[in-house]
Each structure stands twice: as structure tokens, then as C-alpha cells.
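Asker: Sharing run_25.cif, mmCIF, C-alpha atoms:
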```cif
data_protein
loop_
_atom_site.group_PDB
_atom_site.id
_atom_site.type_symbol
_atom_site.label_atom_id
_atom_site.label_comp_id
_atom_site.auth_asym_id
_atom_site.auth_seq_id
_atom_site.Cartn_x
_atom_site.Cartn_y
_atom_site.Cartn_z
ATOM 1 C CA MET A 21 6.542 63.977 -90.362
ATOM 2 C CA LYS A 22 5.508 64.811 -86.834
ATOM 3 C CA THR A 23 6.660 62.418 -84.116
ATOM 4 C CA LYS A 24 4.978 61.861 -80.816
ATOM 5 C CA GLU A 25 7.121 62.504 -77.733
ATOM 6 C CA LEU A 26 7.639 59.243 -75.914
ATOM 7 C CA SER A 27 9.611 59.199 -72.701
ATOM 8 C CA LEU A 28 9.806 57.665 -69.272
ATOM 9 C CA LYS A 29 8.758 60.463 -66.928
ATOM 10 C CA TYR A 30 9.327 58.635 -63.670
ATOM 11 C CA HIS A 31 10.595 61.829 -62.077
ATOM 12 C CA LEU A 32 6.988 63.103 -62.265
ATOM 13 C CA LEU A 33 5.495 60.017 -60.617
ATOM 14 C CA SER A 34 4.021 60.565 -57.166
ATOM 15 C CA PRO A 35 5.962 58.811 -54.399
ATOM 16 C CA GLU A 36 2.633 57.948 -52.695
ATOM 17 C CA VAL A 37 4.091 58.212 -49.214
ATOM 18 C CA ARG A 38 1.900 56.605 -46.545
ATOM 19 C CA LYS A 39 2.719 57.387 -42.935
ATOM 20 C CA SER A 40 1.882 53.905 -41.675
ATOM 21 C CA SER A 41 4.118 51.877 -39.407
ATOM 22 C CA PRO A 42 6.447 51.267 -41.144
ATOM 23 C CA PRO A 43 5.888 54.011 -43.742
ATOM 24 C CA THR A 44 5.451 52.941 -47.361
ATOM 25 C CA LEU A 45 6.289 54.671 -50.617
ATOM 26 C CA ARG A 46 7.029 54.109 -54.272
ATOM 27 C CA ALA A 47 10.492 53.402 -55.600
ATOM 28 C CA VAL A 48 11.685 53.205 -59.193
ATOM 29 C CA VAL A 49 14.337 50.576 -59.950
ATOM 30 C CA GLU A 50 17.162 51.673 -62.210
ATOM 31 C CA THR A 51 19.713 48.922 -61.535
ATOM 32 C CA PRO A 52 18.627 45.353 -60.742
ATOM 33 C CA ARG A 53 20.231 43.137 -58.122
ATOM 34 C CA GLY A 54 23.174 41.115 -59.437
ATOM 35 C CA SER A 55 24.015 43.479 -62.297
ATOM 36 C CA ARG A 56 27.532 44.792 -62.896
ATOM 37 C CA HIS A 57 25.980 47.609 -64.908
ATOM 38 C CA LYS A 58 24.793 50.838 -63.268
ATOM 39 C CA PHE A 59 21.714 52.179 -65.031
ATOM 40 C CA ALA A 60 20.197 55.618 -64.458
ATOM 41 C CA LEU A 61 17.174 57.535 -65.661
ATOM 42 C CA ASP A 62 18.251 60.420 -67.861
ATOM 43 C CA PRO A 63 15.389 62.921 -67.497
ATOM 44 C CA LYS A 64 16.647 64.985 -70.454
ATOM 45 C CA ILE A 65 15.906 62.187 -72.911
ATOM 46 C CA GLY A 66 13.348 60.335 -70.781
ATOM 47 C CA ALA A 67 15.060 56.957 -70.923
ATOM 48 C CA ILE A 68 17.071 54.649 -68.704
ATOM 49 C CA THR A 69 20.681 54.647 -69.857
ATOM 50 C CA LEU A 70 23.827 52.691 -69.038
ATOM 51 C CA LYS A 71 25.861 54.915 -66.745
ATOM 52 C CA GLN A 72 28.836 52.633 -66.089
ATOM 53 C CA THR A 73 30.014 49.066 -65.634
ATOM 54 C CA LEU A 74 31.364 48.096 -62.229
ATOM 55 C CA ALA A 75 34.794 46.579 -61.820
ATOM 56 C CA SER A 76 35.106 42.823 -62.037
ATOM 57 C CA GLY A 77 33.956 41.238 -58.783
ATOM 58 C CA PHE A 78 31.441 44.015 -58.024
ATOM 59 C CA SER A 79 27.704 43.648 -58.559
ATOM 60 C CA TRP A 80 24.681 45.340 -57.061
ATOM 61 C CA PRO A 81 23.593 43.439 -53.923
ATOM 62 C CA TYR A 82 19.959 44.594 -54.241
ATOM 63 C CA ASP A 83 17.777 46.550 -56.630
ATOM 64 C CA TYR A 84 18.813 50.206 -56.652
ATOM 65 C CA GLY A 85 16.987 53.275 -57.862
ATOM 66 C CA PHE A 86 15.237 56.351 -56.553
ATOM 67 C CA ILE A 87 12.176 57.795 -54.837
ATOM 68 C CA PRO A 88 10.213 59.709 -57.501
ATOM 69 C CA SER A 89 9.331 63.402 -57.117
ATOM 70 C CA THR A 90 12.072 63.987 -54.538
ATOM 71 C CA LEU A 91 15.271 65.989 -54.690
ATOM 72 C CA GLY A 92 18.396 65.477 -52.607
ATOM 73 C CA GLN A 93 21.178 67.917 -51.795
ATOM 74 C CA ASP A 94 23.165 66.479 -54.708
ATOM 75 C CA GLY A 95 20.486 67.656 -57.171
ATOM 76 C CA ASP A 96 19.225 64.133 -57.957
ATOM 77 C CA PRO A 97 16.198 62.213 -56.678
ATOM 78 C CA LEU A 98 16.720 60.469 -53.335
ATOM 79 C CA ASP A 99 18.538 57.148 -53.781
ATOM 80 C CA MET A 100 16.804 53.918 -52.736
ATOM 81 C CA LEU A 101 18.102 50.396 -52.158
ATOM 82 C CA VAL A 102 15.308 47.792 -52.137
ATOM 83 C CA LEU A 103 15.908 44.550 -50.237
ATOM 84 C CA MET A 104 14.218 41.526 -51.807
ATOM 85 C CA ASP A 105 15.017 37.985 -52.810
ATOM 86 C CA GLU A 106 15.002 38.327 -56.618
ATOM 87 C CA PRO A 107 15.898 41.172 -58.986
ATOM 88 C CA THR A 108 13.304 43.103 -60.957
ATOM 89 C CA PHE A 109 14.258 45.203 -64.017
ATOM 90 C CA PRO A 110 15.158 48.795 -64.915
ATOM 91 C CA GLY A 111 12.036 50.958 -64.808
ATOM 92 C CA CYS A 112 10.058 48.705 -62.467
ATOM 93 C CA ILE A 113 7.891 50.622 -59.978
ATOM 94 C CA LEU A 114 7.585 49.089 -56.513
ATOM 95 C CA THR A 115 5.711 49.968 -53.358
ATOM 96 C CA VAL A 116 8.067 49.344 -50.444
ATOM 97 C CA ARG A 117 8.307 49.664 -46.686
ATOM 98 C CA LEU A 118 10.708 52.444 -45.735
ATOM 99 C CA LEU A 119 13.062 50.772 -43.257
ATOM 100 C CA GLY A 120 15.485 53.622 -42.730
ATOM 101 C CA VAL A 121 18.403 55.467 -44.221
ATOM 102 C CA ILE A 122 22.160 54.975 -44.381
ATOM 103 C CA GLY A 123 23.790 58.362 -43.946
ATOM 104 C CA LEU A 124 26.438 59.009 -46.564
ATOM 105 C CA ARG A 125 28.406 62.122 -47.457
ATOM 106 C CA LYS A 126 29.947 62.106 -50.932
ATOM 107 C CA ASN A 127 32.660 64.696 -51.562
ATOM 108 C CA GLY A 128 31.288 66.762 -48.678
ATOM 109 C CA VAL A 129 27.654 66.706 -49.899
ATOM 110 C CA GLU A 130 24.930 64.757 -48.113
ATOM 111 C CA ASN A 131 23.916 61.858 -50.369
ATOM 112 C CA ASP A 132 22.030 59.401 -48.150
ATOM 113 C CA ARG A 133 20.835 55.980 -49.295
ATOM 114 C CA PHE A 134 17.313 55.057 -48.268
ATOM 115 C CA VAL A 135 16.610 51.400 -47.583
ATOM 116 C CA GLY A 136 13.289 49.664 -48.196
ATOM 117 C CA SER A 137 11.873 46.183 -48.583
ATOM 118 C CA LEU A 138 8.887 44.712 -50.329
ATOM 119 C CA ILE A 139 5.582 44.721 -48.493
ATOM 120 C CA PRO A 140 4.848 41.169 -47.303
ATOM 121 C CA SER A 141 2.456 39.200 -49.466
ATOM 122 C CA VAL A 142 -0.145 36.695 -48.298
ATOM 123 C CA GLU A 143 0.748 34.449 -51.243
ATOM 124 C CA THR A 144 4.526 34.240 -50.884
ATOM 125 C CA SER A 145 7.067 34.182 -48.088
ATOM 126 C CA LEU A 146 10.200 36.285 -48.595
ATOM 127 C CA SER A 147 13.354 36.522 -46.511
ATOM 128 C CA THR A 148 12.647 40.255 -45.988
ATOM 129 C CA ASP A 149 9.130 39.811 -44.547
ATOM 130 C CA GLY A 150 10.355 40.386 -40.978
ATOM 131 C CA TYR A 151 12.060 43.710 -41.758
ATOM 132 C CA ASN A 152 10.059 46.700 -40.498
ATOM 133 C CA ARG A 153 12.971 48.890 -39.410
ATOM 134 C CA ILE A 154 16.578 49.072 -40.522
ATOM 135 C CA GLU A 155 17.483 47.811 -37.028
ATOM 136 C CA ASP A 156 15.783 44.494 -37.954
ATOM 137 C CA LEU A 157 18.514 43.727 -40.501
ATOM 138 C CA PRO A 158 21.273 41.424 -39.298
ATOM 139 C CA GLN A 159 24.271 43.596 -38.357
ATOM 140 C CA LYS A 160 26.491 41.692 -40.785
ATOM 141 C CA LEU A 161 24.090 42.395 -43.677
ATOM 142 C CA LEU A 162 23.863 46.095 -42.807
ATOM 143 C CA HIS A 163 27.658 46.312 -42.632
ATOM 144 C CA GLU A 164 27.994 44.587 -46.039
ATOM 145 C CA ILE A 165 25.536 47.061 -47.596
ATOM 146 C CA GLU A 166 27.404 50.030 -46.100
ATOM 147 C CA GLU A 167 30.731 48.680 -47.354
ATOM 148 C CA PHE A 168 29.342 48.106 -50.860
ATOM 149 C CA LEU A 169 27.944 51.652 -51.051
ATOM 150 C CA LYS A 170 31.229 53.102 -49.786
ATOM 151 C CA ASN A 171 33.474 50.977 -52.042
ATOM 152 C CA TYR A 172 31.303 51.509 -55.132
ATOM 153 C CA SER A 173 31.524 55.294 -54.775
ATOM 154 C CA GLU A 174 35.204 55.329 -53.862
ATOM 155 C CA GLU A 175 35.960 53.167 -56.914
ATOM 156 C CA LYS A 176 34.661 56.124 -58.972
ATOM 157 C CA GLY A 177 37.096 58.474 -57.213
ATOM 158 C CA ASN A 178 34.692 59.964 -54.674
ATOM 159 C CA ARG A 179 35.517 60.722 -51.058
ATOM 160 C CA ILE A 180 32.916 58.905 -48.916
ATOM 161 C CA GLU A 181 32.015 59.293 -45.276
ATOM 162 C CA LEU A 182 29.387 57.070 -43.668
ATOM 163 C CA THR A 183 27.449 59.244 -41.195
ATOM 164 C CA GLY A 184 25.263 56.693 -39.418
ATOM 165 C CA VAL A 185 22.085 54.709 -39.768
ATOM 166 C CA ARG A 186 18.671 56.179 -38.969
ATOM 167 C CA GLY A 187 15.311 54.453 -38.626
ATOM 168 C CA PRO A 188 12.033 54.827 -40.536
ATOM 169 C CA SER A 189 10.797 57.934 -38.728
ATOM 170 C CA GLU A 190 13.969 59.906 -39.498
ATOM 171 C CA ALA A 191 13.987 58.528 -43.038
ATOM 172 C CA LEU A 192 10.380 59.655 -43.537
ATOM 173 C CA THR A 193 11.292 63.171 -42.366
ATOM 174 C CA ALA A 194 14.128 63.248 -44.940
ATOM 175 C CA VAL A 195 11.815 61.969 -47.717
ATOM 176 C CA THR A 196 9.295 64.708 -46.880
ATOM 177 C CA ALA A 197 12.097 67.293 -47.110
ATOM 178 C CA GLY A 198 13.100 65.780 -50.472
ATOM 179 C CA GLN A 199 9.514 66.116 -51.716
ATOM 180 C CA ARG A 200 9.427 69.803 -50.665
ATOM 181 C CA ALA A 201 12.772 70.424 -52.396
ATOM 182 C CA PHE A 202 11.400 68.829 -55.593
ATOM 183 C CA GLU A 203 8.262 70.981 -55.453
ATOM 184 C CA ASP A 204 10.291 74.153 -54.783
ATOM 185 C CA ALA A 205 12.617 73.397 -57.703
ATOM 186 C CA ALA A 206 9.613 72.948 -60.020
ATOM 187 C CA LYS A 207 8.279 76.447 -59.236
#
```
How would this structure read if it were set down as C-alpha cells?
Answerer:
Amino acid sequence: MKTKELSLKYHLLSPEVRKSSPPTLRAVVETPRGSRHKFALDPKIGAITLKQTLASGFSWPYDYGFIPSTLGQDGDPLDMLVLMDEPTFPGCILTVRLLGVIGLRKNGVENDRFVGSLIPSVETSLSTDGYNRIEDLPQKLLHEIEEFLKNYSEEKGNRIELTGVRGPSEALTAVTAGQRAFEDAAK
């Protein structure tokens, strides 16, 4: 019996980057806000799998995933944290405003975390509607996000160095480089 290949090929999805102000792009959610589980797309089998369970007391503060058709220095798609009021679900595709990037070096390798928020809607008011740049986030919130990202990775035994926060223009430059790296790797 012949079976049809069914898989989630999010890594082939266009990021649909728009150089507006702020820039917008697609993000794929792997891990929803509030989850203690860390989910990840496994491109070899084309499915979202459970990667780990966080220690008691830890949960994801926002939806977390990646920017499709990009490649970071760590060999994975660029990581994306999406600020919004309610969680979505693993595999959800969102169009977000690119607010900036939190610089992070993991075990000596650049492994930045891009930060986005939902595009404001005319129908609904969200707490993130006023965020157009990472500098718009309350300092306390930005610090909490940085600490979560650092502690989460260190809990897994990684050596983490936070290297600074950059705005949407610098983040867009890094996303473009990630797109080129993805295209070069596909050749």
C-alpha cells in the first residue's frame, strides 16, 4: 500500500517580510504562552514534537517559535517571541510587527531572539497595540523577558551572554541575512 507523504513544511513557508514601519513578517508558533512544555518543529519528520518540559515554576511568557525560511548561526531558523494577550497553538502562523531583537550568545554562538507583536486590529484592542519598537516595551517587561530567556537556556546547561537590545531596523537587517543564509544552504 502506497502512503501519501504528509508533513508540516513550515520551514519552506515564505516569511513575507514587508519593509514598512515597523516591518512585518510571518512567524510560526511552536510553543504557546503559559506552557511548561517546549515544542519544536522537527523538519526530518515534518511534525511538531515535544522537546522538553520546563522545571516547575517556569512557563513560556509569550508564544515562541521561529521565522520561516531563515537560518541562524546555530543552524536553526531564527527564533521569535510574539507578544500578545492570549496564547495561540503549536503550528499557528501569525503576521507580526518586528519590534526588535534581544542579542543572545549561547555557548559562544550568536543565537538572538527576535521580538514581535500582533498587528493592531480595528475590531479588538490589545495591550500590545502601542508597541512599534522594542523601546516601546516597559523596561521592567523587557528585563523580565531577557531574564526568562537567559534562565531557560542556563537551566539546560548552556552558557548565556545577553549582548544587547536592537530596534526594528537592525532586526530587519538580521532577518534579511537569515533569509540569505537559508537560500545559500538550500543550494
Asker: Just so the selection is clear, what residues does the PyMOL selection byres ((chain A and resi 178-189) around 7) cover here, as a ChimeraX atom specification?
Answerer: /A:42-43,118-127,153-154,170,173-174,176-177,190-193
Asker: Using all atoms listed in the file, determine which residues lie at most 9 Å from A:Leu138, disregarding the query and same-chain residues fewer than 2 positions distant; provide the list as a PyMOL selection string.
Answerer: chain A and resi 102-104+114-117+136+140-141+146+148-149
Asker: Write the residues of the preceding selection, restricted to C-alpha atoms, as a PDB file, keeping the file's coordinate frame.
Answerer:
```
ATOM      1  CA  VAL A 102      15.308  47.792 -52.137  1.00  0.00           C
ATOM      2  CA  LEU A 103      15.908  44.550 -50.237  1.00  0.00           C
ATOM      3  CA  MET A 104      14.218  41.526 -51.807  1.00  0.00           C
ATOM      4  CA  LEU A 114       7.585  49.089 -56.513  1.00  0.00           C
ATOM      5  CA  THR A 115       5.711  49.968 -53.358  1.00  0.00           C
ATOM      6  CA  VAL A 116       8.067  49.344 -50.444  1.00  0.00           C
ATOM      7  CA  ARG A 117       8.307  49.664 -46.686  1.00  0.00           C
ATOM      8  CA  GLY A 136      13.289  49.664 -48.196  1.00  0.00           C
ATOM      9  CA  PRO A 140       4.848  41.169 -47.303  1.00  0.00           C
ATOM     10  CA  SER A 141       2.456  39.200 -49.466  1.00  0.00           C
ATOM     11  CA  LEU A 146      10.200  36.285 -48.595  1.00  0.00           C
ATOM     12  CA  THR A 148      12.647  40.255 -45.988  1.00  0.00           C
ATOM     13  CA  ASP A 149       9.130  39.811 -44.547  1.00  0.00           C
TER      14      ASP A 149
END
```
Asker: Given only C-alpha atoms, how would the per-residue table for stretch 74-177 of chain A near stretch 35-39 of chain A read, listing every residue at most 7 Å away with its closest atom pair and distance in Å to one decimal, sorted by chain and number, as a Markdown table?
Answerer:
```
| residue | atom | partner | partner_atom | distance |
| --- | --- | --- | --- | --- |
| A:Ile87 | CA | A:Pro35 | CA | 6.3 |
| A:Pro88 | CA | A:Pro35 | CA | 5.3 |
| A:Ser89 | CA | A:Pro35 | CA | 6.3 |
```
Asker: Need the shell around stretch 49-61 of chain A: protein/DNA/RNA residues with any atom at most 6 Å away, counting all atoms listed in the file. Skip same-chain ones fewer than 3 positions apart. Format as a ChimeraX atom specification?
Answerer: /A:67-74,79-85,107-112
Asker: Grab the residues selected above and save them as a compact mmCIF listing (two decimals), in the coordinates of the input with C-alpha atoms.
Answerer:
```
# COMPACT_ATOMS: atom_id res chain seq x y z
CA ALA A 67 15.06 56.96 -70.92
CA ILE A 68 17.07 54.65 -68.70
CA THR A 69 20.68 54.65 -69.86
CA LEU A 70 23.83 52.69 -69.04
CA LYS A 71 25.86 54.92 -66.74
CA GLN A 72 28.84 52.63 -66.09
CA THR A 73 30.01 49.07 -65.63
CA LEU A 74 31.36 48.10 -62.23
CA SER A 79 27.70 43.65 -58.56
CA TRP A 80 24.68 45.34 -57.06
CA PRO A 81 23.59 43.44 -53.92
CA TYR A 82 19.96 44.59 -54.24
CA ASP A 83 17.78 46.55 -56.63
CA TYR A 84 18.81 50.21 -56.65
CA GLY A 85 16.99 53.28 -57.86
CA PRO A 107 15.90 41.17 -58.99
CA THR A 108 13.30 43.10 -60.96
CA PHE A 109 14.26 45.20 -64.02
CA PRO A 110 15.16 48.80 -64.92
CA GLY A 111 12.04 50.96 -64.81
CA CYS A 112 10.06 48.70 -62.47
```
Asker: Quick one: what's the axis-aligned box for stretch 86-98 of chain A, all listed atoms, 5 Å on every side, centre and edges in Å to one decimal, as lines of an AutoDock Vina configuration file?
Answerer:
```
center_x = 16.2
center_y = 62.1
center_z = -54.9
size_x = 23.8
size_y = 21.6
size_z = 16.2
```
Asker: Any idea what the distance is between atom CA of A:Ile113 and atom CA of A:Asp99?
Answerer: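 Separation of atom CA of A:Ile113 and atom CA of A:Asp99: 13.9 Å.
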Asker: For A:Lys29, which residue among A:Val195, A:Ile65, A:Leu101, A:Ala205 is the nearest when counting all atoms listed in the file?
Answerer: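 That would be A:Ile65, the residue with the smallest distance to A:Lys29.
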Asker: Could you work out how far atom CA of A:Glu130 lies from atom CA of A:Asp105, giving the answer in Å with one decimal?
Answerer: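 Separating atom CA of A:Asp105 from atom CA of A:Glu130 is a distance of 28.9 Å.
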